[in-house]
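Structure data (compact mmCIF, C-alpha atoms) from model27.txt:
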# COMPACT_ATOMS: atom_id res chain seq x y z
CA MET A 215 21.55 1.32 24.94
CA GLY A 216 18.68 3.07 26.69
CA GLY A 217 16.43 2.50 23.70
CA LEU A 218 17.45 -1.16 23.52
CA GLY A 219 16.68 -1.55 27.23
CA LEU A 220 13.23 -0.04 26.77
CA ALA A 221 12.53 -2.30 23.81
CA LEU A 222 13.58 -5.40 25.76
CA GLY A 223 11.46 -4.33 28.72
CA ASP A 224 8.52 -3.89 26.39
CA LEU A 225 9.00 -7.36 24.90
CA LEU A 226 9.65 -9.16 28.19
CA PHE A 227 7.07 -7.51 30.43
CA LEU A 228 4.46 -5.64 28.40
CA PHE A 229 3.94 -7.71 25.27
CA ARG A 230 1.68 -10.29 26.92
CA LEU A 231 -0.37 -7.52 28.50
CA LYS A 232 -0.84 -5.91 25.11
CA ARG A 233 -1.88 -9.16 23.48
CA ARG A 234 -4.27 -9.93 26.33
CA HIS A 235 -6.58 -7.22 24.98
CA ASN A 236 -6.54 -8.57 21.42
CA ARG A 237 -9.79 -9.89 19.98
CA VAL A 238 -10.35 -11.36 16.55
CA ARG A 239 -12.40 -8.78 14.73
CA VAL A 240 -15.18 -10.03 12.45
CA ASP A 241 -17.34 -7.25 10.99
CA ASP A 242 -20.02 -7.36 8.36
CA ILE A 243 -18.59 -5.53 5.34
CA GLY A 244 -21.97 -5.35 3.63
CA GLU A 245 -21.91 -4.62 -0.10
CA ARG A 246 -18.77 -6.07 -1.69
CA GLN A 247 -18.77 -3.97 -4.84
CA LEU A 248 -15.70 -1.76 -4.85
CA THR A 249 -13.78 1.03 -6.55
CA VAL A 250 -10.23 0.49 -7.83
CA ALA A 251 -7.76 3.38 -8.09
CA LEU A 252 -4.53 2.91 -10.07
CA THR A 253 -1.44 5.09 -9.97
CA ALA A 254 0.29 5.65 -13.31
CA TYR A 255 3.35 7.47 -14.60
CA ASN A 256 4.42 6.94 -18.22
CA ASP A 257 2.75 3.51 -18.27
CA GLU A 258 1.35 3.55 -21.82
CA LYS A 259 2.42 -0.07 -22.43
CA SER A 260 0.69 -1.47 -19.36
CA ILE A 261 -2.19 0.79 -18.36
CA GLY A 262 -4.72 -0.47 -20.93
CA PRO A 263 -4.34 -4.15 -19.99
CA ALA A 264 -4.28 -3.22 -16.29
CA VAL A 265 -7.56 -1.32 -16.53
CA ALA A 266 -9.16 -4.13 -18.54
CA ASP A 267 -7.99 -6.70 -15.98
CA PHE A 268 -9.54 -4.87 -13.03
CA LEU A 269 -12.75 -3.96 -14.86
CA SER A 270 -13.26 -7.64 -15.67
CA HIS A 271 -13.43 -8.54 -11.97
CA PRO A 272 -17.08 -9.02 -10.88
CA MET A 273 -16.68 -6.95 -7.69
CA VAL A 274 -15.27 -3.87 -9.45
CA ARG A 275 -17.73 -1.07 -10.18
CA ARG A 276 -15.18 1.33 -11.70
CA VAL A 277 -11.47 1.90 -12.21
CA ILE A 278 -9.91 5.30 -11.60
CA VAL A 279 -6.51 6.02 -13.11
CA VAL A 280 -4.48 8.95 -11.77
CA SER A 281 -1.74 9.88 -14.21
CA ASN A 282 1.06 11.86 -12.58
CA ASN A 283 1.91 14.21 -15.46
CA SER A 284 2.68 11.36 -17.84
CA ILE A 285 4.29 12.56 -21.06
CA ASP A 286 3.37 9.48 -23.10
CA ALA A 287 -0.07 8.09 -24.04
CA THR A 288 -0.92 6.80 -20.55
CA PHE A 289 -3.89 9.14 -20.10
CA GLU A 290 -5.42 8.38 -23.51
CA ARG A 291 -4.97 4.62 -23.25
CA ALA A 292 -6.46 4.50 -19.76
CA THR A 293 -9.50 6.41 -20.99
CA ALA A 294 -9.85 4.17 -24.04
CA ALA A 295 -9.76 1.10 -21.79
CA GLY A 296 -12.75 2.40 -19.81
CA ALA A 297 -11.13 4.10 -16.82
CA ILE A 298 -12.11 7.37 -15.18
CA THR A 299 -8.87 9.21 -15.91
CA ILE A 300 -7.46 12.12 -13.92
CA ASN A 301 -4.18 13.99 -14.19
CA GLU A 302 -2.41 14.90 -10.94
CA THR A 303 -0.23 17.92 -11.64
CA ALA A 304 1.75 17.83 -8.38
CA GLN A 305 4.69 15.56 -9.17
CA GLY A 306 5.57 12.66 -6.92
CA TYR A 307 4.37 9.23 -5.88
CA GLY A 308 2.82 10.52 -2.65
CA HIS A 309 0.75 13.11 -4.51
CA CYS A 310 -0.42 10.45 -6.99
CA VAL A 311 -1.49 7.97 -4.30
CA PHE A 312 -3.15 10.66 -2.21
CA ARG A 313 -5.15 11.80 -5.25
CA CYS A 314 -6.18 8.19 -5.96
CA LEU A 315 -7.59 7.77 -2.48
CA SER A 316 -9.17 11.24 -2.43
CA GLU A 317 -11.02 10.55 -5.69
CA ALA A 318 -12.10 7.03 -4.70
CA ILE A 319 -13.88 8.08 -1.49
CA ASN A 320 -16.26 10.29 -3.48
CA TYR A 321 -18.38 7.37 -4.68
CA GLU A 322 -21.28 6.51 -2.39
CA ASP A 323 -21.81 3.03 -3.88
CA SER A 324 -18.42 1.64 -2.81
CA GLU A 325 -17.53 1.07 0.83
CA LEU A 326 -14.39 -0.81 -0.19
CA ILE A 327 -11.56 0.83 -2.09
CA VAL A 328 -8.61 -0.93 -3.70
CA LEU A 329 -5.39 0.96 -4.35
CA CYS A 330 -2.98 -0.49 -6.89
CA GLU A 331 -0.56 0.38 -9.70
CA GLY A 332 -1.03 0.36 -13.44
CA ASP A 333 2.24 -1.37 -14.34
CA ARG A 334 0.87 -4.96 -14.33
CA THR A 335 2.97 -6.07 -11.37
CA PHE A 336 -0.31 -6.86 -9.61
CA ARG A 337 -3.43 -8.72 -10.77
CA ALA A 338 -7.16 -8.28 -10.23
CA PHE A 339 -7.74 -11.88 -9.11
CA ASP A 340 -6.00 -11.05 -5.81
CA ILE A 341 -8.97 -8.83 -4.93
CA ASP A 342 -10.73 -11.99 -3.75
CA LYS A 343 -7.97 -12.55 -1.18
CA LEU A 344 -8.02 -8.96 0.02
CA VAL A 345 -11.81 -8.96 0.42
CA ALA A 346 -11.64 -12.25 2.35
CA PHE A 347 -9.60 -10.44 5.03
CA ALA A 348 -11.78 -7.29 5.01
CA PRO A 349 -14.07 -8.40 7.89
CA HIS A 350 -11.01 -8.44 10.14
CA ALA A 351 -9.49 -5.05 9.34
CA ASP A 352 -9.82 -1.45 8.23
CA ILE A 353 -6.88 -1.88 5.83
CA VAL A 354 -5.72 -5.09 4.16
CA ASN A 355 -2.15 -4.61 2.96
CA GLY A 356 -0.82 -6.92 0.28
CA THR A 357 2.51 -8.60 0.99
CA ARG A 358 4.86 -9.80 -1.74
CA THR A 359 7.01 -11.90 0.59
CA VAL A 360 5.65 -15.38 -0.22
CA GLU A 361 8.16 -17.05 -2.55
CA CYS A 362 5.78 -19.24 -4.53
CA LEU A 363 3.53 -16.23 -5.25
CA ARG A 364 6.31 -14.13 -6.75
CA GLU A 365 7.68 -14.46 -10.27
CA TYR A 366 11.41 -14.99 -10.60
CA SER A 367 12.14 -11.81 -12.53
CA THR A 368 10.60 -8.87 -10.65
CA GLN A 369 11.71 -5.55 -9.22
CA LEU A 370 11.96 -7.14 -5.77
CA SER A 371 15.67 -8.03 -5.61
CA THR A 372 17.07 -9.99 -2.66
CA PHE A 373 18.45 -6.76 -1.21
CA ILE A 374 15.11 -4.98 -1.51
CA TYR A 375 13.25 -8.02 -0.16
CA TYR A 376 15.23 -8.15 3.10
CA GLY A 377 15.49 -4.38 3.42
CA ASN A 378 11.73 -4.09 3.08
CA LEU A 379 11.26 -6.82 5.67
CA PHE A 380 13.58 -5.04 8.10
CA VAL A 381 11.74 -1.72 7.77
CA GLY A 382 8.42 -3.53 8.19
CA LYS A 383 9.59 -5.13 11.41
CA LEU A 384 10.81 -1.76 12.65
CA LEU A 385 7.34 -0.30 12.19
CA GLU A 386 5.86 -3.42 13.76
CA ALA A 387 8.05 -2.83 16.82
CA LYS A 388 6.93 0.80 16.97
CA HIS A 389 3.31 -0.34 17.21
CA LEU A 390 4.04 -3.50 19.17
CA GLY A 391 1.15 -5.93 19.35
CA ARG A 392 -0.92 -4.00 16.80
CA SER A 393 -0.02 -5.69 13.52
CA THR A 394 2.31 -8.07 11.71
CA ILE A 395 4.19 -6.29 8.92
CA THR A 396 6.47 -7.84 6.30
CA ASP A 397 6.04 -5.52 3.30
CA LEU A 398 5.92 -1.72 3.49
CA GLY A 399 6.76 -1.09 -0.15
CA THR A 400 3.65 -2.55 -1.76
CA THR A 401 0.98 -0.27 -3.20
CA TYR A 402 -1.69 -2.97 -3.50
CA LYS A 403 -4.10 -2.66 -0.59
CA LEU A 404 -7.81 -2.64 0.27
CA CYS A 405 -9.25 0.06 2.52
CA ARG A 406 -12.62 0.70 4.07
CA LYS A 407 -13.92 4.07 2.96
CA ALA A 408 -14.90 5.07 6.51
CA ALA A 409 -11.30 4.56 7.63
CA LEU A 410 -9.89 6.50 4.67
CA VAL A 411 -12.15 9.49 5.31
CA GLN A 412 -10.68 9.76 8.82
CA LEU A 413 -7.12 8.90 7.81
CA LEU A 414 -6.55 11.18 4.80
CA PRO A 415 -6.35 14.42 6.84
CA ASN A 416 -3.48 12.83 8.80
CA LEU A 417 -1.46 12.04 5.66
CA SER A 418 0.97 14.26 3.80
CA ALA A 419 0.96 13.91 0.02
CA ALA A 420 4.40 15.57 0.02
CA VAL A 421 5.97 12.36 1.37
CA ASN A 422 7.25 10.85 -1.85
CA LEU A 423 8.47 7.26 -2.43
CA GLU A 424 8.07 6.47 1.27
CA PHE A 425 4.34 7.16 1.19
CA ASN A 426 3.21 3.55 1.74
CA ALA A 427 5.21 3.33 4.97
CA HIS A 428 3.83 6.72 6.02
CA PHE A 429 0.30 5.46 5.24
CA ILE A 430 0.57 2.30 7.37
CA ASP A 431 2.32 4.16 10.21
CA ALA A 432 -0.43 6.79 10.28
CA ALA A 433 -3.14 4.13 10.12
CA LEU A 434 -1.75 2.26 13.13
CA GLU A 435 -1.16 5.53 14.99
CA SER A 436 -4.83 6.41 14.41
CA GLY A 437 -5.98 3.12 15.90
CA PHE A 438 -7.02 1.38 12.68
CA THR A 439 -6.59 -2.35 12.23
CA VAL A 440 -4.09 -3.39 9.55
CA VAL A 441 -3.88 -6.99 8.34
CA GLU A 442 -1.47 -8.36 5.75
CA CYS A 443 -2.56 -10.65 2.93
CA PRO A 444 -0.23 -12.63 0.61
CA ILE A 445 -0.59 -11.50 -3.02
CA THR A 446 1.04 -12.45 -6.29
CA PHE A 447 3.78 -10.26 -7.74
CA HIS A 448 4.64 -10.20 -11.43
CA GLU A 449 7.26 -8.84 -13.78
CA ARG A 450 6.73 -5.18 -14.61
CA VAL A 451 5.60 -4.08 -18.05
CA GLY A 452 7.77 -1.14 -19.15
CA VAL A 453 10.47 0.68 -17.20
CA SER A 454 10.31 1.17 -13.42
CA LYS A 455 10.38 4.75 -12.12
CA GLY A 456 9.81 4.11 -8.40
CA GLY A 457 11.92 3.33 -5.36
CA ASN A 458 13.01 -0.07 -6.63
CA VAL A 459 14.73 1.06 -9.85
CA ASN A 460 17.96 -0.30 -8.39
CA ASN A 461 19.38 -1.31 -5.02
CA LEU A 462 20.98 2.09 -4.39
CA ARG A 463 17.74 3.98 -4.86
CA ALA A 464 15.93 1.36 -2.76
CA PHE A 465 18.54 1.82 -0.02
CA LYS A 466 17.98 5.58 0.02
CA THR A 467 14.20 5.10 0.10
CA GLY A 468 14.55 2.57 2.94
CA CYS A 469 16.71 4.98 4.95
CA ARG A 470 14.09 7.68 4.53
CA MET A 471 11.40 5.23 5.68
CA ILE A 472 13.45 4.44 8.78
CA PHE A 473 13.92 8.15 9.46
CA GLY A 474 10.20 8.81 9.09
CA ILE A 475 9.21 5.93 11.35
CA ILE A 476 11.61 7.01 14.11
CA PHE A 477 11.63 10.80 13.87
CA GLY A 478 8.34 11.59 12.13
CA TRP A 479 7.36 12.31 8.54
CA LYS A 480 7.28 16.12 8.48
CA ARG A 481 10.98 16.40 7.64
CA LEU A 482 10.52 14.11 4.62
CA GLN A 483 7.91 16.21 2.90
CA GLY A 484 9.09 17.14 -0.54
Could you rewrite the structure in this file as structure tokens?
Amino acid sequence: MGGLGLALGDLLFLFRLKRRHNRVRVDDIGERQLTVALTAYNDEKSIGPAVADFLSHPMVRRVIVVSNNSIDATFERATAAGAITINETAQGYGHCVFRCLSEAINYEDSELIVLCEGDRTFRAFDIDKLVAFAPHADIVNGTRTVECLREYSTQLSTFIYYGNLFVGKLLEAKHLGRSTITDLGTTYKLCRKAALVQLLPNLSAAVNLEFNAHFIDAALESGFTVVECPITFHERVGVSKGGNVNNLRAFKTGCRMIFGIIFGWKRLQG
């Protein structure tokens, strides 16, 4: 009840004061050539087409694929498709994403970095949308919540859709007035390299399937601007291994996200 009272007081009396300081940010992003980093785990059926798709985009200088100890031909097929391929030996989604971002910031010719997955649920043509929002933010987070941009048969079940929305709104309430959040489960996002260099030391790669929520929470906590952008979402090629394998696993992942948002992420490492 005390927490509810504080939240209501914040909404009724402080929200307008917070918004009064808001300004629409419009920065010159300079060179629009970018680096794409893809996570991959046993994605031999999809990784080749995914790499080819992103390399075909005119803004993409290179594609990095981080394979998280794949036991199939993911590594070889990514290399054959033209990717810079790396194996991350520490198992877990958080370790794979962290390695993607850590590798991508090493290239001096790309001030924009796109993080995505190699399972073909996302497409390279959405880079144009993400870049269009880049002048307004440090991080442009893709949202899969627009009905007409989502294929009928995807991993995003009705349960996962609304659960993801709830957790997003919880984080939005935590950082009231800072961002609008509808999708915390998406990997697809664009980041400015300068923001990533500052943000990575504040992230824990040991946070597993909840890493995207941890990432956005840490970004907002560090004062970075996060803007959402509607993206298309497609049926997965191959078998899912993440937090949306089924509703039960998604429920457990969502509960861990809620715990991390409220109580901190240190207890979720591992």
Please report as JSON lines every residue of segment 263-371 of chain A lying within 12 Å of segment 388-404 of chain A, along with the nearest atom pair and their distance in Å (one decimal), using only C-alpha atoms.
{"residue": "A:Tyr307", "atom": "CA", "partner": "A:Thr401", "partner_atom": "CA", "distance": 10.4}
{"residue": "A:Gly308", "atom": "CA", "partner": "A:Thr401", "partner_atom": "CA", "distance": 11.0}
{"residue": "A:Cys310", "atom": "CA", "partner": "A:Thr401", "partner_atom": "CA", "distance": 11.5}
{"residue": "A:Val311", "atom": "CA", "partner": "A:Thr401", "partner_atom": "CA", "distance": 8.7}
{"residue": "A:Phe312", "atom": "CA", "partner": "A:Thr401", "partner_atom": "CA", "distance": 11.7}
{"residue": "A:Cys314", "atom": "CA", "partner": "A:Thr401", "partner_atom": "CA", "distance": 11.4}
{"residue": "A:Leu315", "atom": "CA", "partner": "A:Leu404", "partner_atom": "CA", "distance": 10.8}
{"residue": "A:Ala318", "atom": "CA", "partner": "A:Leu404", "partner_atom": "CA", "distance": 11.7}
{"residue": "A:Ser324", "atom": "CA", "partner": "A:Leu404", "partner_atom": "CA", "distance": 11.8}
{"residue": "A:Glu325", "atom": "CA", "partner": "A:Leu404", "partner_atom": "CA", "distance": 10.4}
{"residue": "A:Leu326", "atom": "CA", "partner": "A:Leu404", "partner_atom": "CA", "distance": 6.8}
{"residue": "A:Ile327", "atom": "CA", "partner": "A:Leu404", "partner_atom": "CA", "distance": 5.6}
{"residue": "A:Val328", "atom": "CA", "partner": "A:Leu404", "partner_atom": "CA", "distance": 4.4}
{"residue": "A:Leu329", "atom": "CA", "partner": "A:Lys403", "partner_atom": "CA", "distance": 5.4}
{"residue": "A:Cys330", "atom": "CA", "partner": "A:Tyr402", "partner_atom": "CA", "distance": 4.4}
{"residue": "A:Glu331", "atom": "CA", "partner": "A:Thr401", "partner_atom": "CA", "distance": 6.7}
{"residue": "A:Gly332", "atom": "CA", "partner": "A:Thr401", "partner_atom": "CA", "distance": 10.5}
{"residue": "A:Asp333", "atom": "CA", "partner": "A:Thr401", "partner_atom": "CA", "distance": 11.3}
{"residue": "A:Arg334", "atom": "CA", "partner": "A:Tyr402", "partner_atom": "CA", "distance": 11.3}
{"residue": "A:Thr335", "atom": "CA", "partner": "A:Tyr402", "partner_atom": "CA", "distance": 9.7}
{"residue": "A:Phe336", "atom": "CA", "partner": "A:Tyr402", "partner_atom": "CA", "distance": 7.4}
{"residue": "A:Arg337", "atom": "CA", "partner": "A:Tyr402", "partner_atom": "CA", "distance": 9.4}
{"residue": "A:Ala338", "atom": "CA", "partner": "A:Tyr402", "partner_atom": "CA", "distance": 10.2}
{"residue": "A:Asp340", "atom": "CA", "partner": "A:Tyr402", "partner_atom": "CA", "distance": 9.4}
{"residue": "A:Ile341", "atom": "CA", "partner": "A:Leu404", "partner_atom": "CA", "distance": 8.2}
{"residue": "A:Asp342", "atom": "CA", "partner": "A:Leu404", "partner_atom": "CA", "distance": 10.6}
{"residue": "A:Lys343", "atom": "CA", "partner": "A:Leu404", "partner_atom": "CA", "distance": 10.0}
{"residue": "A:Leu344", "atom": "CA", "partner": "A:Leu404", "partner_atom": "CA", "distance": 6.3}
{"residue": "A:Val345", "atom": "CA", "partner": "A:Leu404", "partner_atom": "CA", "distance": 7.5}
{"residue": "A:Ala346", "atom": "CA", "partner": "A:Leu404", "partner_atom": "CA", "distance": 10.6}
{"residue": "A:Phe347", "atom": "CA", "partner": "A:Leu404", "partner_atom": "CA", "distance": 9.3}
{"residue": "A:Ala348", "atom": "CA", "partner": "A:Leu404", "partner_atom": "CA", "distance": 7.7}
{"residue": "A:Pro349", "atom": "CA", "partner": "A:Leu404", "partner_atom": "CA", "distance": 11.4}
{"residue": "A:His350", "atom": "CA", "partner": "A:Ser393", "partner_atom": "CA", "distance": 11.8}
{"residue": "A:Ala351", "atom": "CA", "partner": "A:Leu404", "partner_atom": "CA", "distance": 9.5}
{"residue": "A:Asp352", "atom": "CA", "partner": "A:Leu404", "partner_atom": "CA", "distance": 8.3}
{"residue": "A:Ile353", "atom": "CA", "partner": "A:Leu404", "partner_atom": "CA", "distance": 5.7}
{"residue": "A:Val354", "atom": "CA", "partner": "A:Leu404", "partner_atom": "CA", "distance": 5.1}
{"residue": "A:Asn355", "atom": "CA", "partner": "A:Lys403", "partner_atom": "CA", "distance": 4.5}
{"residue": "A:Gly356", "atom": "CA", "partner": "A:Lys403", "partner_atom": "CA", "distance": 5.4}
{"residue": "A:Thr357", "atom": "CA", "partner": "A:Asp397", "partner_atom": "CA", "distance": 5.2}
{"residue": "A:Arg358", "atom": "CA", "partner": "A:Asp397", "partner_atom": "CA", "distance": 6.7}
{"residue": "A:Thr359", "atom": "CA", "partner": "A:Asp397", "partner_atom": "CA", "distance": 7.0}
{"residue": "A:Val360", "atom": "CA", "partner": "A:Thr396", "partner_atom": "CA", "distance": 10.0}
{"residue": "A:Gln369", "atom": "CA", "partner": "A:Gly399", "partner_atom": "CA", "distance": 11.3}
{"residue": "A:Leu370", "atom": "CA", "partner": "A:Gly399", "partner_atom": "CA", "distance": 9.8}
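Across the structure, atom CA of Cys443 of chain A and atom CA of Gly244 of chain A are spaced 20.1 Å apart.
Taking all atoms listed in the file into account, Leu269 of chain A lies nearest to A:Ala292 out of the set A:Glu361, A:Glu449, A:Ala292, A:Leu434.
Taking atom CA of Asn301 of chain A and atom CA of Thr288 of chain A as the two end points, the separation is 10.1 Å.
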Between atom CA of Leu248 of chain A and atom CA of Ala432 of chain A, distance in Å (one decimal): 23.1 Å
Contacts of Val381 of chain A at 12 Å (all atoms listed in the file; same-chain gap of 6+ positions) as a PyMOL selection string: chain A and resi 374-375+387-388+395-399+424+426-428+430-431+464-465+467-476
Please produce an output containing C-alpha atoms for each residue in the selection, written as a CSV table (one decimal), keeping the file's coordinate frame.
chain,number,residue,atom,x,y,z
A,374,ILE,CA,15.1,-5.0,-1.5
A,375,TYR,CA,13.2,-8.0,-0.2
A,387,ALA,CA,8.0,-2.8,16.8
A,388,LYS,CA,6.9,0.8,17.0
A,395,ILE,CA,4.2,-6.3,8.9
A,396,THR,CA,6.5,-7.8,6.3
A,397,ASP,CA,6.0,-5.5,3.3
A,398,LEU,CA,5.9,-1.7,3.5
A,399,GLY,CA,6.8,-1.1,-0.2
A,424,GLU,CA,8.1,6.5,1.3
A,426,ASN,CA,3.2,3.6,1.7
A,427,ALA,CA,5.2,3.3,5.0
A,428,HIS,CA,3.8,6.7,6.0
A,430,ILE,CA,0.6,2.3,7.4
A,431,ASP,CA,2.3,4.2,10.2
A,464,ALA,CA,15.9,1.4,-2.8
A,465,PHE,CA,18.5,1.8,0.0
A,467,THR,CA,14.2,5.1,0.1
A,468,GLY,CA,14.6,2.6,2.9
A,469,CYS,CA,16.7,5.0,5.0
A,470,ARG,CA,14.1,7.7,4.5
A,471,MET,CA,11.4,5.2,5.7
A,472,ILE,CA,13.4,4.4,8.8
A,473,PHE,CA,13.9,8.2,9.5
A,474,GLY,CA,10.2,8.8,9.1
A,475,ILE,CA,9.2,5.9,11.4
A,476,ILE,CA,11.6,7.0,14.1
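Proximity of A:Leu423, A:Ala294, A:Ala408, A:Val440 to Glu322 of chain A, computed with all atoms listed in the file, is greatest for A:Ala408.
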Selected residue, from A:Phe339, A:Tyr321, A:Phe447, A:Phe373, that lies nearest to Ile278 of chain A when counting all atoms listed in the file: A:Tyr321
Who sits within 9 Å of Val280 of chain A, only C-alpha atoms, same chain under 4 positions skipped, as a PyMOL selection string: chain A and resi 251-255+289+298-302+310-311+313-314
For the residues selected in the previous step, produce a file with C-alpha atoms as a PDB file, in the frame of the given file.
ATOM      1  CA  ALA A 251      -7.760   3.380  -8.090  1.00  0.00           C
ATOM      2  CA  LEU A 252      -4.530   2.910 -10.070  1.00  0.00           C
ATOM      3  CA  THR A 253      -1.440   5.090  -9.970  1.00  0.00           C
ATOM      4  CA  ALA A 254       0.290   5.650 -13.310  1.00  0.00           C
ATOM      5  CA  TYR A 255       3.350   7.470 -14.600  1.00  0.00           C
ATOM      6  CA  PHE A 289      -3.890   9.140 -20.100  1.00  0.00           C
ATOM      7  CA  ILE A 298     -12.110   7.370 -15.180  1.00  0.00           C
ATOM      8  CA  THR A 299      -8.870   9.210 -15.910  1.00  0.00           C
ATOM      9  CA  ILE A 300      -7.460  12.120 -13.920  1.00  0.00           C
ATOM     10  CA  ASN A 301      -4.180  13.990 -14.190  1.00  0.00           C
ATOM     11  CA  GLU A 302      -2.410  14.900 -10.940  1.00  0.00           C
ATOM     12  CA  CYS A 310      -0.420  10.450  -6.990  1.00  0.00           C
ATOM     13  CA  VAL A 311      -1.490   7.970  -4.300  1.00  0.00           C
ATOM     14  CA  ARG A 313      -5.150  11.800  -5.250  1.00  0.00           C
ATOM     15  CA  CYS A 314      -6.180   8.190  -5.960  1.00  0.00           C
TER      16      CYS A 314
END
Residue among A:Leu363, A:Leu222, A:Val277, A:Ala419 lying closest to Trp479 of chain A, counting all atoms listed in the file: A:Ala419
